[in-house]
file work.tsv (TSV, C-alpha atoms)
chain	number	residue	atom	x	y	z
A	11	MET	CA	-23.39	25.20	4.39
A	12	ARG	CA	-26.79	24.53	2.87
A	13	GLU	CA	-28.85	21.49	3.77
A	14	PRO	CA	-28.00	18.37	1.72
A	15	VAL	CA	-29.95	17.74	-1.44
A	16	ALA	CA	-32.88	15.42	-0.85
A	17	PRO	CA	-35.01	15.15	-3.98
A	18	GLN	CA	-38.56	14.01	-3.29
A	19	SER	CA	-40.07	13.80	-6.74
A	20	GLU	CA	-39.16	12.91	-10.30
A	21	THR	CA	-39.37	16.55	-11.19
A	22	SER	CA	-36.86	17.60	-8.57
A	23	GLU	CA	-34.62	14.61	-9.35
A	24	ARG	CA	-34.25	15.83	-12.91
A	25	GLY	CA	-32.81	19.00	-11.50
A	26	ASN	CA	-30.22	17.15	-9.46
A	27	ILE	CA	-27.84	16.39	-12.26
A	28	VAL	CA	-24.34	17.81	-12.37
A	29	GLU	CA	-22.31	17.52	-15.54
A	30	LEU	CA	-18.62	18.12	-15.98
A	31	ARG	CA	-16.51	17.96	-19.12
A	32	ILE	CA	-12.74	17.89	-18.73
A	33	PRO	CA	-10.01	17.83	-21.36
A	34	SER	CA	-8.67	14.31	-21.89
A	35	ARG	CA	-5.40	15.05	-20.12
A	36	ALA	CA	-3.89	13.82	-16.86
A	37	GLU	CA	-3.71	17.22	-15.16
A	38	TRP	CA	-7.52	17.51	-15.21
A	39	VAL	CA	-8.34	14.29	-13.35
A	40	GLY	CA	-7.86	16.09	-10.04
A	41	VAL	CA	-10.69	18.44	-10.94
A	42	ALA	CA	-13.07	15.50	-11.40
A	43	ARG	CA	-11.91	14.20	-8.03
A	44	LEU	CA	-12.66	17.50	-6.33
A	45	ALA	CA	-16.09	17.65	-7.95
A	46	VAL	CA	-17.17	14.21	-6.80
A	47	ALA	CA	-15.85	14.89	-3.30
A	48	ALA	CA	-17.93	18.07	-3.09
A	49	ILE	CA	-21.07	16.34	-4.36
A	50	ALA	CA	-20.67	13.33	-2.07
A	51	SER	CA	-20.00	15.61	0.89
A	52	ARG	CA	-23.17	17.55	0.10
A	53	LEU	CA	-25.10	14.26	0.11
A	54	GLN	CA	-23.56	13.52	3.51
A	55	PHE	CA	-21.75	10.37	2.47
A	56	PRO	CA	-19.36	9.17	5.20
A	57	ILE	CA	-15.72	10.16	4.70
A	58	GLU	CA	-14.70	6.62	3.75
A	59	ASP	CA	-17.35	6.50	1.01
A	60	ILE	CA	-16.28	9.92	-0.27
A	61	GLU	CA	-12.74	8.59	-0.63
A	62	ASP	CA	-14.09	5.52	-2.46
A	63	LEU	CA	-16.03	7.74	-4.87
A	64	LYS	CA	-13.02	9.99	-5.48
A	65	LEU	CA	-10.85	7.02	-6.37
A	66	ALA	CA	-13.47	5.28	-8.53
A	67	VAL	CA	-14.28	8.41	-10.55
A	68	ALA	CA	-10.60	9.26	-10.96
A	69	GLU	CA	-9.82	5.71	-12.12
A	70	ALA	CA	-12.61	5.89	-14.67
A	71	CYS	CA	-11.31	9.23	-15.98
A	72	THR	CA	-7.76	7.86	-16.06
A	73	ASN	CA	-8.92	4.87	-18.11
A	74	CYS	CA	-10.57	7.21	-20.60
A	75	ILE	CA	-7.41	9.31	-20.88
A	76	GLN	CA	-5.02	6.38	-21.15
A	77	HIS	CA	-7.02	4.01	-23.34
A	78	ALA	CA	-9.42	6.06	-25.44
A	79	SER	CA	-7.54	7.10	-28.48
A	80	GLN	CA	-8.79	10.12	-30.39
A	81	SER	CA	-10.80	11.31	-27.40
A	82	GLU	CA	-10.58	15.03	-26.72
A	83	ALA	CA	-12.68	15.14	-23.60
A	84	VAL	CA	-14.08	13.11	-20.74
A	85	ARG	CA	-17.69	13.68	-19.73
A	86	ILE	CA	-18.68	13.04	-16.14
A	87	ARG	CA	-22.33	13.10	-15.15
A	88	PHE	CA	-23.57	12.87	-11.58
A	89	GLN	CA	-27.20	11.90	-11.04
A	90	ILE	CA	-27.97	12.75	-7.45
A	91	ASP	CA	-30.79	10.84	-5.77
A	92	SER	CA	-31.90	10.83	-2.16
A	93	ASP	CA	-30.24	7.49	-1.44
A	94	LYS	CA	-27.49	7.21	-4.03
A	95	VAL	CA	-25.33	8.89	-6.60
A	96	VAL	CA	-25.03	7.47	-10.11
A	97	VAL	CA	-21.88	8.56	-11.91
A	98	THR	CA	-21.45	8.17	-15.64
A	99	VAL	CA	-17.98	8.62	-17.15
A	100	GLN	CA	-17.76	8.68	-20.93
A	101	ASP	CA	-15.00	9.35	-23.38
A	102	THR	CA	-15.62	10.79	-26.79
A	103	GLY	CA	-13.34	8.58	-28.84
A	104	LEU	CA	-12.46	4.97	-29.41
A	105	GLY	CA	-12.99	3.45	-25.99
A	106	PHE	CA	-11.38	0.78	-23.91
A	107	SER	CA	-13.23	-2.37	-23.02
A	108	GLY	CA	-13.73	-2.53	-19.28
A	109	ALA	CA	-15.06	-6.07	-19.57
A	110	GLU	CA	-11.80	-7.15	-21.15
A	111	VAL	CA	-9.49	-5.55	-18.65
A	112	ALA	CA	-11.48	-5.98	-15.45
A	113	PRO	CA	-10.65	-9.13	-13.56
A	114	LYS	CA	-13.16	-10.23	-10.93
A	115	GLN	CA	-10.31	-11.51	-8.81
A	116	LEU	CA	-6.87	-10.04	-8.71
A	117	GLY	CA	-4.14	-12.60	-9.17
A	118	GLU	CA	-0.51	-11.68	-9.16
A	119	ALA	CA	0.35	-8.02	-8.85
A	120	LYS	CA	0.41	-6.13	-12.10
A	121	GLU	CA	1.45	-2.62	-12.93
A	122	SER	CA	-1.70	-2.04	-14.95
A	123	GLY	CA	-5.27	-3.27	-14.84
A	124	LEU	CA	-5.66	-2.28	-11.20
A	125	GLY	CA	-7.91	0.67	-11.96
A	126	VAL	CA	-10.98	-1.21	-13.13
A	127	PHE	CA	-10.49	-3.76	-10.37
A	128	LEU	CA	-10.58	-0.91	-7.84
A	129	ILE	CA	-13.72	0.59	-9.40
A	130	ARG	CA	-15.52	-2.74	-9.14
A	131	SER	CA	-14.36	-3.14	-5.54
A	132	LEU	CA	-15.29	0.34	-4.33
A	133	MET	CA	-18.65	0.93	-6.02
A	134	ASP	CA	-21.97	-0.87	-5.42
A	135	ASN	CA	-22.78	-1.37	-9.10
A	136	VAL	CA	-20.70	-0.92	-12.26
A	137	GLU	CA	-21.83	-1.24	-15.88
A	138	TYR	CA	-20.01	-0.72	-19.16
A	139	GLU	CA	-21.36	0.15	-22.55
A	140	LEU	CA	-18.85	-0.11	-25.36
A	141	ASN	CA	-19.69	1.65	-28.56
A	142	PRO	CA	-16.97	1.64	-31.21
A	143	GLU	CA	-18.24	4.92	-32.60
A	144	SER	CA	-19.14	6.94	-29.55
A	145	GLY	CA	-16.66	5.53	-27.04
A	146	THR	CA	-17.01	3.76	-23.72
A	147	LYS	CA	-19.60	4.67	-21.12
A	148	LEU	CA	-19.06	3.51	-17.56
A	149	THR	CA	-21.97	3.86	-15.15
A	150	MET	CA	-21.33	3.30	-11.47
A	151	THR	CA	-23.56	3.62	-8.43
A	152	LYS	CA	-22.83	4.23	-4.78
A	153	HIS	CA	-25.63	4.05	-2.21
A	154	LEU	CA	-25.76	6.06	0.96
A	155	PRO	CA	-25.41	3.81	3.99
A	156	THR	CA	-28.79	3.01	5.56
B	7	MET	CA	-2.81	18.67	-6.33
B	8	ASP	CA	0.88	18.07	-6.46
B	9	ILE	CA	3.48	15.72	-5.09
B	10	LYS	CA	6.69	16.60	-3.31
B	11	VAL	CA	9.43	14.01	-3.57
B	12	GLY	CA	12.51	13.88	-1.36
B	13	VAL	CA	15.29	11.33	-0.93
B	14	ARG	CA	17.39	10.61	2.14
B	15	GLU	CA	20.20	8.11	2.63
B	16	LEU	CA	20.75	5.98	5.73
B	17	ASN	CA	24.40	5.02	5.62
B	18	GLY	CA	24.23	1.86	7.68
B	19	GLU	CA	24.93	-1.73	6.73
B	20	ARG	CA	22.50	-1.77	3.82
B	21	ASN	CA	22.69	1.84	2.58
B	22	ILE	CA	18.95	2.28	2.75
B	23	SER	CA	17.41	5.02	0.62
B	24	ILE	CA	14.27	6.64	1.98
B	25	VAL	CA	11.87	8.26	-0.48
B	26	ASP	CA	9.63	10.84	1.19
B	27	LEU	CA	6.39	11.54	-0.63
B	28	ASN	CA	4.06	14.39	0.30
B	29	GLY	CA	0.80	15.05	-1.54
B	30	GLU	CA	-1.36	13.14	-3.99
B	31	ILE	CA	-0.14	10.38	-6.33
B	32	ASP	CA	-2.28	10.08	-9.42
B	33	VAL	CA	-1.99	9.80	-13.19
B	34	TYR	CA	-0.57	13.34	-13.34
B	35	THR	CA	1.95	13.18	-10.50
B	36	SER	CA	3.05	9.52	-10.59
B	37	PRO	CA	5.62	10.04	-13.41
B	38	LYS	CA	7.59	12.29	-11.03
B	39	VAL	CA	7.57	9.55	-8.37
B	40	LYS	CA	8.53	6.92	-10.96
B	41	GLU	CA	11.44	9.02	-12.19
B	42	THR	CA	12.87	9.39	-8.68
B	43	ILE	CA	12.54	5.70	-7.84
B	44	MET	CA	14.00	4.54	-11.15
B	45	GLU	CA	16.93	6.96	-10.85
B	46	LEU	CA	17.71	5.53	-7.41
B	47	ILE	CA	17.59	1.97	-8.71
B	48	ASP	CA	19.68	2.84	-11.76
B	49	ALA	CA	22.26	4.32	-9.36
B	50	GLY	CA	22.48	1.00	-7.53
B	51	HIS	CA	20.14	1.62	-4.58
B	52	TYR	CA	18.23	-1.61	-4.07
B	53	ALA	CA	17.09	-1.19	-0.44
B	54	LEU	CA	14.25	1.31	-0.52
B	55	VAL	CA	11.84	2.62	2.08
B	56	ILE	CA	9.02	4.66	0.59
B	57	ASN	CA	7.39	6.87	3.19
B	58	LEU	CA	3.70	7.41	2.42
B	59	GLU	CA	2.83	9.03	5.77
B	60	LYS	CA	2.14	12.38	4.12
B	61	VAL	CA	0.39	10.97	1.06
B	62	ARG	CA	-3.29	11.87	1.11
B	63	TYR	CA	-4.31	9.96	-2.01
B	64	ILE	CA	-2.97	7.22	-4.27
B	65	ASP	CA	-4.54	5.67	-7.36
B	66	SER	CA	-3.73	2.69	-9.55
B	67	THR	CA	-1.02	4.54	-11.46
B	68	GLY	CA	0.73	5.26	-8.15
B	69	LEU	CA	0.39	1.62	-7.14
B	70	GLY	CA	1.81	0.68	-10.53
B	71	VAL	CA	4.89	2.81	-9.90
B	72	LEU	CA	5.48	1.11	-6.53
B	73	ILE	CA	5.02	-2.36	-8.07
B	74	GLY	CA	7.40	-1.46	-10.91
B	75	GLY	CA	10.02	-0.31	-8.41
B	76	LEU	CA	9.64	-3.50	-6.38
B	77	LYS	CA	10.07	-5.67	-9.46
B	78	ARG	CA	13.21	-3.78	-10.45
B	79	VAL	CA	14.91	-4.02	-7.04
B	80	ARG	CA	14.03	-7.71	-6.74
B	81	GLU	CA	16.06	-8.33	-9.89
B	82	HIS	CA	19.02	-7.28	-7.73
B	83	SER	CA	17.87	-9.14	-4.60
B	84	GLY	CA	16.66	-5.85	-3.17
B	85	ALA	CA	13.48	-4.92	-1.33
B	86	VAL	CA	10.95	-2.12	-0.93
B	87	ASN	CA	9.20	-1.45	2.36
B	88	LEU	CA	6.47	1.13	2.81
B	89	VAL	CA	5.55	3.41	5.70
B	90	CYS	CA	1.80	3.91	5.70
B	91	THR	CA	-0.50	5.18	8.44
B	92	ASN	CA	-3.44	6.53	6.41
B	93	PRO	CA	-6.38	4.07	6.79
B	94	GLN	CA	-7.79	4.86	3.34
B	95	ILE	CA	-4.48	4.15	1.65
B	96	LYS	CA	-4.01	0.98	3.70
B	97	LYS	CA	-7.45	-0.07	2.49
B	98	ILE	CA	-6.34	0.27	-1.15
B	99	PHE	CA	-3.35	-1.99	-0.47
B	100	ASP	CA	-5.72	-4.47	1.21
B	101	ILE	CA	-8.27	-4.51	-1.62
B	102	THR	CA	-5.63	-5.02	-4.29
B	103	GLY	CA	-3.79	-7.69	-2.31
B	104	LEU	CA	-0.60	-5.63	-2.35
B	105	VAL	CA	-0.27	-6.10	1.41
B	106	LYS	CA	1.05	-9.54	0.51
B	107	ILE	CA	3.93	-8.32	-1.63
B	108	PHE	CA	5.01	-5.13	0.18
B	109	GLY	CA	6.23	-4.85	3.71
B	110	ILE	CA	3.96	-2.16	5.15
B	111	TYR	CA	4.86	-0.57	8.48
B	112	GLU	CA	3.53	2.11	10.80
B	113	THR	CA	6.90	3.75	11.39
B	114	GLU	CA	10.01	4.49	9.38
B	115	GLU	CA	12.12	2.75	12.01
B	116	ALA	CA	10.15	-0.47	11.60
B	117	ALA	CA	10.25	-0.23	7.79
B	118	CYS	CA	14.03	0.21	7.82
B	119	GLY	CA	14.60	-2.38	10.53
B	120	ASN	CA	12.69	-5.06	8.61
B	121	LEU	CA	14.20	-4.35	5.21

call {"tool": "encode", "arguments": {"input": "work.tsv", "output": "structure tokens"}}
result
Amino acid sequence: MREPVAPQSETSERGNIVELRIPSRAEWVGVARLAVAAIASRLQFPIEDIEDLKLAVAEACTNCIQHASQSEAVRIRFQIDSDKVVVTVQDTGLGFSGAEVAPKQLGEAKESGLGVFLIRSLMDNVEYELNPESGTKLTMTKHLPT
Amino acid sequence: MDIKVGVRELNGERNISIVDLNGEIDVYTSPKVKETIMELIDAGHYALVINLEKVRYIDSTGLGVLIGGLKRVREHSGAVNLVCTNPQIKKIFDITGLVKIFGIYETEEAACGNL
């Protein structure tokens, strides 16, 4: 195993971006999960945080697949910094509105709507950008423990 | 990334059905789990124990399948108990508050005994 990535400058940070594009189909979500696990492991996130990242990224991909009509692909971008990873998940079609379906508190158990709730619970920061033309972009950040 | 699904019957007082799951439950594999659980319920099995001991990963679609099964059996005064020992999966049930609606046990014996 190589030493974990530890970018020291803006120049090197620009090089620490991993991008993945998967078909917008359920059988490909596992590939996104494997990718984020490998990246988080390389950054030496603790096992519990790696599991959080796997679930959050998979939920974001699942939302794109289930709610973004006319989307052919899901783009996942990992920006790897020395103290955090910023993951952007974007569909290429008509997106879903995370703000509309993401409760801050979970009331009675539902069969749907749990995914965005989990993302908000597991990640340190979550932001949505909804563009009717280009789809939904979800940006989420997880910091390495200090 | 697959899920293996098995069903066993405990022919005691309550005719408990045990669903053994082995693998990862996500948006791709959860339909297979849902099909098995719904077939059991449709066949009149309303006392279910779902064994998650060998499940390495579960997402919201998997949770949705379990919630759907619970709702269906409750319509017939039935119940669903879970066997779960994986700390990460327990954490997901904690975060979502599902610990309050499912009976979650460390062993199959306890899950069956408290059904």

call {"tool": "closest_atom_pairs", "arguments": {"input": "work.tsv", "of": "chain B", "to": "chain A", "cutoff": "12 Å", "atoms": "all atoms listed in the file", "output": "Markdown table"}}
result
| residue | atom | partner | partner_atom | distance |
| --- | --- | --- | --- | --- |
| B:Met7 | CA | A:Gly40 | CA | 6.8 |
| B:Asp8 | CA | A:Gly40 | CA | 9.7 |
| B:Glu30 | CA | A:Gly40 | CA | 9.4 |
| B:Ile31 | CA | A:Gly40 | CA | 10.3 |
| B:Asp32 | CA | A:Gly40 | CA | 8.2 |
| B:Val33 | CA | A:Ala36 | CA | 5.8 |
| B:Tyr34 | CA | A:Ala36 | CA | 4.9 |
| B:Thr35 | CA | A:Glu37 | CA | 8.4 |
| B:Ser36 | CA | A:Ala36 | CA | 10.3 |
| B:Pro37 | CA | A:Ala36 | CA | 10.8 |
| B:Arg62 | CA | A:Glu61 | CA | 10.2 |
| B:Tyr63 | CA | A:Leu65 | CA | 8.4 |
| B:Ile64 | CA | A:Leu65 | CA | 8.2 |
| B:Asp65 | CA | A:Leu65 | CA | 6.5 |
| B:Ser66 | CA | A:Gly125 | CA | 5.2 |
| B:Thr67 | CA | A:Ser122 | CA | 7.5 |
| B:Gly68 | CA | A:Glu121 | CA | 9.2 |
| B:Leu69 | CA | A:Glu121 | CA | 7.3 |
| B:Gly70 | CA | A:Glu121 | CA | 4.1 |
| B:Val71 | CA | A:Glu121 | CA | 7.1 |
| B:Leu72 | CA | A:Glu121 | CA | 8.4 |
| B:Ile73 | CA | A:Glu121 | CA | 6.0 |
| B:Gly74 | CA | A:Glu121 | CA | 6.4 |
| B:Gly75 | CA | A:Glu121 | CA | 10.0 |
| B:Leu76 | CA | A:Glu121 | CA | 10.5 |
| B:Lys77 | CA | A:Glu121 | CA | 9.8 |
| B:Asn92 | CA | A:Glu58 | CA | 11.6 |
| B:Pro93 | CA | A:Glu58 | CA | 9.2 |
| B:Gln94 | CA | A:Glu58 | CA | 7.1 |
| B:Ile95 | CA | A:Glu61 | CA | 9.7 |
| B:Lys97 | CA | A:Glu58 | CA | 9.9 |
| B:Ile98 | CA | A:Leu128 | CA | 8.0 |
| B:Phe99 | CA | A:Leu128 | CA | 10.4 |
| B:Asp100 | CA | A:Leu128 | CA | 10.9 |
| B:Ile101 | CA | A:Ser131 | CA | 7.4 |
| B:Thr102 | CA | A:Leu116 | CA | 6.8 |
| B:Gly103 | CA | A:Leu116 | CA | 7.5 |
| B:Leu104 | CA | A:Ala119 | CA | 7.0 |
| B:Val105 | CA | A:Ala119 | CA | 10.5 |
| B:Lys106 | CA | A:Ala119 | CA | 9.5 |
| B:Ile107 | CA | A:Ala119 | CA | 8.1 |
| B:Phe108 | CA | A:Ala119 | CA | 10.6 |

call {"tool": "atom_distance", "arguments": {"input": "work.tsv", "atom1": "atom CA of Glu143 of chain A", "atom2": "atom CA of Pro33 of chain A"}}
result
19.0 Å

call {"tool": "axis_aligned_box", "arguments": {"input": "work.tsv", "around": "segment 30-44 of chain A", "padding_each_side": "3 Å", "output": "lines of an AutoDock Vina configuration file"}}
result
center_x = -11.2
center_y = 16.1
center_z = -14.1
size_x = 20.9
size_y = 10.6
size_z = 21.6

call {"tool": "closest_residue", "arguments": {"input": "work.tsv", "among": "B:Leu121, B:Val89, B:Gly109, B:Gly29", "to": "Tyr52 of chain B", "atoms": "all atoms listed in the file"}}
result
B:Leu121

call {"tool": "atom_distance", "arguments": {"input": "work.tsv", "atom1": "atom CA of Arg85 of chain A", "atom2": "atom CA of Val39 of chain B"}}
result
28.0 Å

call {"tool": "residues_around", "arguments": {"input": "work.tsv", "residues": "Lys94 of chain A", "least_positions_apart": "6", "cutoff": "12 Å", "atoms": "only C-alpha atoms", "output": "VMD selection string"}}
result
chain A and resid 15 to 17 23 26 49 to 50 52 to 55 59 63 88 133 to 135 150 to 156

call {"tool": "write_last_selection", "arguments": {"input": "work.tsv", "atoms": "C-alpha atoms", "output": "compact mmCIF listing (two decimals), in the coordinates of the input"}}
result
# COMPACT_ATOMS: atom_id res chain seq x y z
CA VAL A 15 -29.95 17.74 -1.44
CA ALA A 16 -32.88 15.42 -0.85
CA PRO A 17 -35.01 15.15 -3.98
CA GLU A 23 -34.62 14.61 -9.35
CA ASN A 26 -30.22 17.15 -9.46
CA ILE A 49 -21.07 16.34 -4.36
CA ALA A 50 -20.67 13.33 -2.07
CA ARG A 52 -23.17 17.55 0.10
CA LEU A 53 -25.10 14.26 0.11
CA GLN A 54 -23.56 13.52 3.51
CA PHE A 55 -21.75 10.37 2.47
CA ASP A 59 -17.35 6.50 1.01
CA LEU A 63 -16.03 7.74 -4.87
CA PHE A 88 -23.57 12.87 -11.58
CA MET A 133 -18.65 0.93 -6.02
CA ASP A 134 -21.97 -0.87 -5.42
CA ASN A 135 -22.78 -1.37 -9.10
CA MET A 150 -21.33 3.30 -11.47
CA THR A 151 -23.56 3.62 -8.43
CA LYS A 152 -22.83 4.23 -4.78
CA HIS A 153 -25.63 4.05 -2.21
CA LEU A 154 -25.76 6.06 0.96
CA PRO A 155 -25.41 3.81 3.99
CA THR A 156 -28.79 3.01 5.56

call {"tool": "build_atoms", "arguments": {"input": "work.tsv", "residues": "segment 82-101 of chain A", "atoms": "N, CA and C atoms", "output": "PDB file, in the coordinates of the input"}}
result
ATOM      1  N   GLU A  82     -11.037  13.693 -27.115  1.00  0.00           N
ATOM      2  CA  GLU A  82     -10.580  15.030 -26.720  1.00  0.00           C
ATOM      3  C   GLU A  82     -11.046  15.423 -25.330  1.00  0.00           C
ATOM      4  N   ALA A  83     -12.110  14.744 -24.881  1.00  0.00           N
ATOM      5  CA  ALA A  83     -12.680  15.140 -23.600  1.00  0.00           C
ATOM      6  C   ALA A  83     -13.251  13.935 -22.871  1.00  0.00           C
ATOM      7  N   VAL A  84     -13.418  14.112 -21.566  1.00  0.00           N
ATOM      8  CA  VAL A  84     -14.080  13.110 -20.740  1.00  0.00           C
ATOM      9  C   VAL A  84     -15.304  13.781 -20.129  1.00  0.00           C
ATOM     10  N   ARG A  85     -16.449  13.133 -20.291  1.00  0.00           N
ATOM     11  CA  ARG A  85     -17.690  13.680 -19.730  1.00  0.00           C
ATOM     12  C   ARG A  85     -18.044  12.921 -18.468  1.00  0.00           C
ATOM     13  N   ILE A  86     -18.307  13.658 -17.413  1.00  0.00           N
ATOM     14  CA  ILE A  86     -18.680  13.040 -16.140  1.00  0.00           C
ATOM     15  C   ILE A  86     -20.040  13.592 -15.733  1.00  0.00           C
ATOM     16  N   ARG A  87     -20.959  12.684 -15.474  1.00  0.00           N
ATOM     17  CA  ARG A  87     -22.330  13.100 -15.150  1.00  0.00           C
ATOM     18  C   ARG A  87     -22.708  12.482 -13.804  1.00  0.00           C
ATOM     19  N   PHE A  88     -23.162  13.322 -12.907  1.00  0.00           N
ATOM     20  CA  PHE A  88     -23.570  12.870 -11.580  1.00  0.00           C
ATOM     21  C   PHE A  88     -25.092  12.990 -11.482  1.00  0.00           C
ATOM     22  N   GLN A  89     -25.762  11.857 -11.302  1.00  0.00           N
ATOM     23  CA  GLN A  89     -27.200  11.900 -11.040  1.00  0.00           C
ATOM     24  C   GLN A  89     -27.398  11.696  -9.542  1.00  0.00           C
ATOM     25  N   ILE A  90     -27.924  12.734  -8.914  1.00  0.00           N
ATOM     26  CA  ILE A  90     -27.970  12.750  -7.450  1.00  0.00           C
ATOM     27  C   ILE A  90     -29.377  12.400  -6.976  1.00  0.00           C
ATOM     28  N   ASP A  91     -29.512  11.257  -6.329  1.00  0.00           N
ATOM     29  CA  ASP A  91     -30.790  10.840  -5.770  1.00  0.00           C
ATOM     30  C   ASP A  91     -30.717  10.929  -4.247  1.00  0.00           C
ATOM     31  N   SER A  92     -31.865  10.686  -3.616  1.00  0.00           N
ATOM     32  CA  SER A  92     -31.900  10.830  -2.160  1.00  0.00           C
ATOM     33  C   SER A  92     -31.070   9.762  -1.465  1.00  0.00           C
ATOM     34  N   ASP A  93     -30.933   8.594  -2.098  1.00  0.00           N
ATOM     35  CA  ASP A  93     -30.240   7.490  -1.440  1.00  0.00           C
ATOM     36  C   ASP A  93     -28.980   7.023  -2.166  1.00  0.00           C
ATOM     37  N   LYS A  94     -28.664   7.677  -3.273  1.00  0.00           N
ATOM     38  CA  LYS A  94     -27.490   7.210  -4.030  1.00  0.00           C
ATOM     39  C   LYS A  94     -27.014   8.279  -5.002  1.00  0.00           C
ATOM     40  N   VAL A  95     -25.818   8.066  -5.497  1.00  0.00           N
ATOM     41  CA  VAL A  95     -25.330   8.890  -6.600  1.00  0.00           C
ATOM     42  C   VAL A  95     -24.935   7.931  -7.728  1.00  0.00           C
ATOM     43  N   VAL A  96     -25.379   8.269  -8.926  1.00  0.00           N
ATOM     44  CA  VAL A  96     -25.030   7.470 -10.110  1.00  0.00           C
ATOM     45  C   VAL A  96     -24.091   8.321 -10.960  1.00  0.00           C
ATOM     46  N   VAL A  97     -22.893   7.805 -11.174  1.00  0.00           N
ATOM     47  CA  VAL A  97     -21.880   8.560 -11.910  1.00  0.00           C
ATOM     48  C   VAL A  97     -21.643   7.889 -13.254  1.00  0.00           C
ATOM     49  N   THR A  98     -21.735   8.673 -14.303  1.00  0.00           N
ATOM     50  CA  THR A  98     -21.450   8.170 -15.640  1.00  0.00           C
ATOM     51  C   THR A  98     -20.194   8.863 -16.170  1.00  0.00           C
ATOM     52  N   VAL A  99     -19.232   8.069 -16.599  1.00  0.00           N
ATOM     53  CA  VAL A  99     -17.980   8.620 -17.150  1.00  0.00           C
ATOM     54  C   VAL A  99     -17.867   8.117 -18.580  1.00  0.00           C
ATOM     55  N   GLN A 100     -17.720   9.041 -19.512  1.00  0.00           N
ATOM     56  CA  GLN A 100     -17.760   8.680 -20.930  1.00  0.00           C
ATOM     57  C   GLN A 100     -16.664   9.429 -21.685  1.00  0.00           C
ATOM     58  N   ASP A 101     -15.950   8.675 -22.511  1.00  0.00           N
ATOM     59  CA  ASP A 101     -15.000   9.350 -23.380  1.00  0.00           C
ATOM     60  C   ASP A 101     -15.670   9.631 -24.718  1.00  0.00           C
TER      61      ASP A 101
END
